[in-house]
Structures are given as structure tokens and as C-alpha cells.
Amino acid sequence: LLAAAACAGTAGAFADSLLGATVQVMYRCRVCGSETERAEHCGGSDAVQRIRGFAGMSNDAVNFASSALAGLLALLIGCAFF
């Protein structure tokens with residue numbers, strides 16, 4: 001069980017990094033120029049411009065997706081070997 005948990009957890013961590021780098025939404029503040037995950041910065045939502053990612057893929061959505069993938073993988077490993 002420990003090996004299954006380690007494999008699933010590692011896969012979840014890699015999925016989190018991959019999704020965060022590719023599909024997670026990122027904004028650039030037009031006022032201060034910084035990149036942020038937040039849809040509001042320096043006084044409002046009109047201060048930011050989306051520079052990459054999908055609008056619905058916030059950090060919370062990426063965390064949920066990677067956790068769900070890790071849980072599903074743990075279930076599949078558990079069903080295959082136990």
C-alpha cells in the first residue's frame with residue numbers, strides 16, 4: 001500500500017506541475033506589470049490582462065484535477081494488486 005501511495009502521490013505532483021505550467025490561467029497587471037494568478041490586481045479586474053491558460057483553470061482547479069488524478073491512480077493500482 002505504501003508503494004501504491006508513493007506512486008500515486010508522485011504522479012499527482014507531476015500532474016500538478018504540468019497543468020500549472022500549461023493550462024492554469026495567468027494574468028499580467030497593467031498597472032504594476034507583475035504576473036499573478038488573481039483576476040484582480042492593483043485596484044480591480046480591469047487592471048489585469050490574461051496572458052496564458054484557460055479562464056476556468058484557476059490554481060484551485062489545477063489542484064483539484066491533480067488530486068483527482070492521483071486518487072484515481074491509487075484506486076487503479078489498488079484494484080490491480082489487491
# chains A, B, ... in the order shown; residues from 1 in each chain; ligands from 1
$ select_by_dssp --residues "chain A" --states "strand (DSSP E)" --output "list in words"
Met26, Tyr27, Arg28, Cys29, Glu35, Thr36, Val48, Gln49, Arg50, Ile51 and Arg52 of chain A
$ closest_residue --among "A:Thr10, A:Arg38, A:Ala65, A:Gln49" --to "Val23 (chain A)" --atoms "only C-alpha atoms"
A:Ala65
$ residues_around --residues "Val31 (chain A)" --least-positions-apart "3" --cutoff "9 Å" --atoms "only C-alpha atoms" --output "PyMOL selection string"
chain A and resi 28+34+41-42+47-48
$ write_last_selection --atoms "C-alpha atoms" --output "PDB file, in the first residue's frame"
ATOM      1  CA  ARG A  28      -0.390  40.414 -16.066  1.00  0.00           C
ATOM      2  CA  SER A  34       3.594  41.731 -12.302  1.00  0.00           C
ATOM      3  CA  HIS A  41      -4.825  43.287  -9.039  1.00  0.00           C
ATOM      4  CA  CYS A  42      -3.936  46.909  -8.276  1.00  0.00           C
ATOM      5  CA  ALA A  47      -6.224  46.193 -14.321  1.00  0.00           C
ATOM      6  CA  VAL A  48      -5.298  42.655 -15.444  1.00  0.00           C
TER       7      VAL A  48
END
$ closest_residue --among "A:Leu2, A:Asp46, A:Val62, A:Ala11" --to "Gln24 (chain A)" --atoms "only C-alpha atoms"
A:Val62
$ residues_around --residues "Arg50 (chain A)" --least-positions-apart "2" --cutoff "6 Å" --atoms "only C-alpha atoms" --output "list in words"
Met26, Tyr27 and Arg52 of chain A
$ write_last_selection --atoms "all heavy atoms" --output "mmCIF file, in the first residue's frame"
data_model
loop_
_atom_site.group_PDB
_atom_site.id
_atom_site.type_symbol
_atom_site.label_atom_id
_atom_site.label_comp_id
_atom_site.auth_asym_id
_atom_site.auth_seq_id
_atom_site.Cartn_x
_atom_site.Cartn_y
_atom_site.Cartn_z
ATOM 1 N N MET A 26 -3.043 32.674 -16.099
ATOM 2 C CA MET A 26 -2.131 33.664 -15.525
ATOM 3 C C MET A 26 -2.482 35.022 -16.114
ATOM 4 O O MET A 26 -2.843 35.130 -17.292
ATOM 5 C CB MET A 26 -0.676 33.325 -15.842
ATOM 6 C CG MET A 26 -0.143 32.109 -15.112
ATOM 7 S SD MET A 26 -0.105 32.264 -13.331
ATOM 8 C CE MET A 26 1.193 33.463 -13.115
ATOM 9 N N TYR A 27 -2.365 36.036 -15.297
ATOM 10 C CA TYR A 27 -2.679 37.400 -15.697
ATOM 11 C C TYR A 27 -1.448 38.285 -15.529
ATOM 12 O O TYR A 27 -0.571 37.996 -14.721
ATOM 13 C CB TYR A 27 -3.804 37.970 -14.828
ATOM 14 C CG TYR A 27 -5.091 37.193 -14.895
ATOM 15 C CD1 TYR A 27 -5.396 36.232 -13.939
ATOM 16 C CD2 TYR A 27 -6.013 37.423 -15.905
ATOM 17 C CE1 TYR A 27 -6.584 35.517 -13.987
ATOM 18 C CE2 TYR A 27 -7.203 36.719 -15.964
ATOM 19 C CZ TYR A 27 -7.489 35.770 -14.998
ATOM 20 O OH TYR A 27 -8.661 35.070 -15.054
ATOM 21 N N ARG A 52 -1.996 33.776 -20.446
ATOM 22 C CA ARG A 52 -1.938 32.371 -20.855
ATOM 23 C C ARG A 52 -2.922 31.563 -20.031
ATOM 24 O O ARG A 52 -3.440 32.016 -19.024
ATOM 25 C CB ARG A 52 -0.531 31.811 -20.721
ATOM 26 C CG ARG A 52 -0.065 31.594 -19.307
ATOM 27 C CD ARG A 52 1.252 30.790 -19.304
ATOM 28 N NE ARG A 52 1.578 30.432 -17.951
ATOM 29 C CZ ARG A 52 2.500 31.024 -17.210
ATOM 30 N NH1 ARG A 52 3.204 32.009 -17.707
ATOM 31 N NH2 ARG A 52 2.723 30.634 -15.982
#
$ select_by_dssp --residues "chain A" --states "helix (DSSP H, G or I)" --output "PyMOL selection string"
chain A and resi 2-22+45-47+59-81
$ closest_residue --among "A:Cys32, A:Leu72, A:Ala39, A:Ile51" --to "Gly12 (chain A)" --atoms "only C-alpha atoms"
A:Leu72
$ residues_around --residues "Leu1 (chain A)" --least-positions-apart "4" --cutoff "12 Å" --atoms "only C-alpha atoms" --output "CSV table (one decimal) with N, CA, C and O atoms, in the first residue's frame"
chain,number,residue,atom,x,y,z
A,5,ALA,N,0.7,4.3,-2.8
A,5,ALA,CA,0.5,5.7,-2.3
A,5,ALA,C,1.6,6.6,-2.8
A,5,ALA,O,1.4,7.7,-3.3
A,6,ALA,N,2.9,6.1,-2.8
A,6,ALA,CA,4.0,6.8,-3.2
A,6,ALA,C,3.9,7.1,-4.8
A,6,ALA,O,4.2,8.2,-5.2
A,7,CYS,N,3.6,6.1,-5.5
A,7,CYS,CA,3.5,6.2,-7.0
A,7,CYS,C,2.4,7.2,-7.3
A,7,CYS,O,2.5,8.1,-8.2
A,8,ALA,N,1.2,7.0,-6.7
A,8,ALA,CA,0.1,7.9,-7.0
A,8,ALA,C,0.4,9.4,-6.6
A,8,ALA,O,0.1,10.3,-7.3
A,74,ALA,N,-4.3,5.8,-7.6
A,74,ALA,CA,-4.2,4.9,-6.4
A,74,ALA,C,-5.3,3.9,-6.4
A,74,ALA,O,-5.0,2.7,-6.0
A,75,LEU,N,-6.5,4.2,-6.8
A,75,LEU,CA,-7.6,3.3,-6.9
A,75,LEU,C,-7.3,2.2,-7.9
A,75,LEU,O,-7.5,1.0,-7.6
A,77,ILE,N,-4.3,1.2,-9.0
A,77,ILE,CA,-3.2,0.4,-8.5
A,77,ILE,C,-3.7,-0.6,-7.5
A,77,ILE,O,-3.4,-1.8,-7.5
A,78,GLY,N,-4.5,0.0,-6.6
A,78,GLY,CA,-5.1,-0.9,-5.5
A,78,GLY,C,-6.0,-2.0,-6.1
A,78,GLY,O,-5.9,-3.1,-5.6
A,79,CYS,N,-6.8,-1.7,-7.1
A,79,CYS,CA,-7.6,-2.8,-7.7
A,79,CYS,C,-6.8,-3.8,-8.4
A,79,CYS,O,-7.2,-5.0,-8.5
A,80,ALA,N,-5.7,-3.4,-9.0
A,80,ALA,CA,-4.9,-4.3,-9.8
A,80,ALA,C,-4.1,-5.2,-9.0
A,80,ALA,O,-3.8,-6.4,-9.4
A,81,PHE,N,-3.6,-4.8,-7.8
A,81,PHE,CA,-2.8,-5.6,-7.0
A,81,PHE,C,-3.4,-6.2,-5.7
A,81,PHE,O,-2.7,-7.0,-5.0
A,82,PHE,N,-4.5,-5.7,-5.3
A,82,PHE,CA,-5.1,-6.1,-4.0
A,82,PHE,C,-6.4,-6.7,-4.2
A,82,PHE,O,-7.3,-6.5,-4.8
$ atom_distance --atom1 "CA of Leu18 (chain A)" --atom2 "CA of Glu35 (chain A)"
18.4 Å
$ atom_distance --atom1 "CA of Gly20 (chain A)" --atom2 "CA of Ala68 (chain A)"
14.8 Å
$ closest_residue --among "A:Ala21, A:Cys29, A:Ala55, A:Ala15" --to "Ser67 (chain A)" --atoms "only C-alpha atoms"
A:Ala15
$ closest_residue --among "A:Ser58, A:Ala3, A:Thr36, A:Ser45" --to "Thr22 (chain A)" --atoms "only C-alpha atoms"
A:Ser58
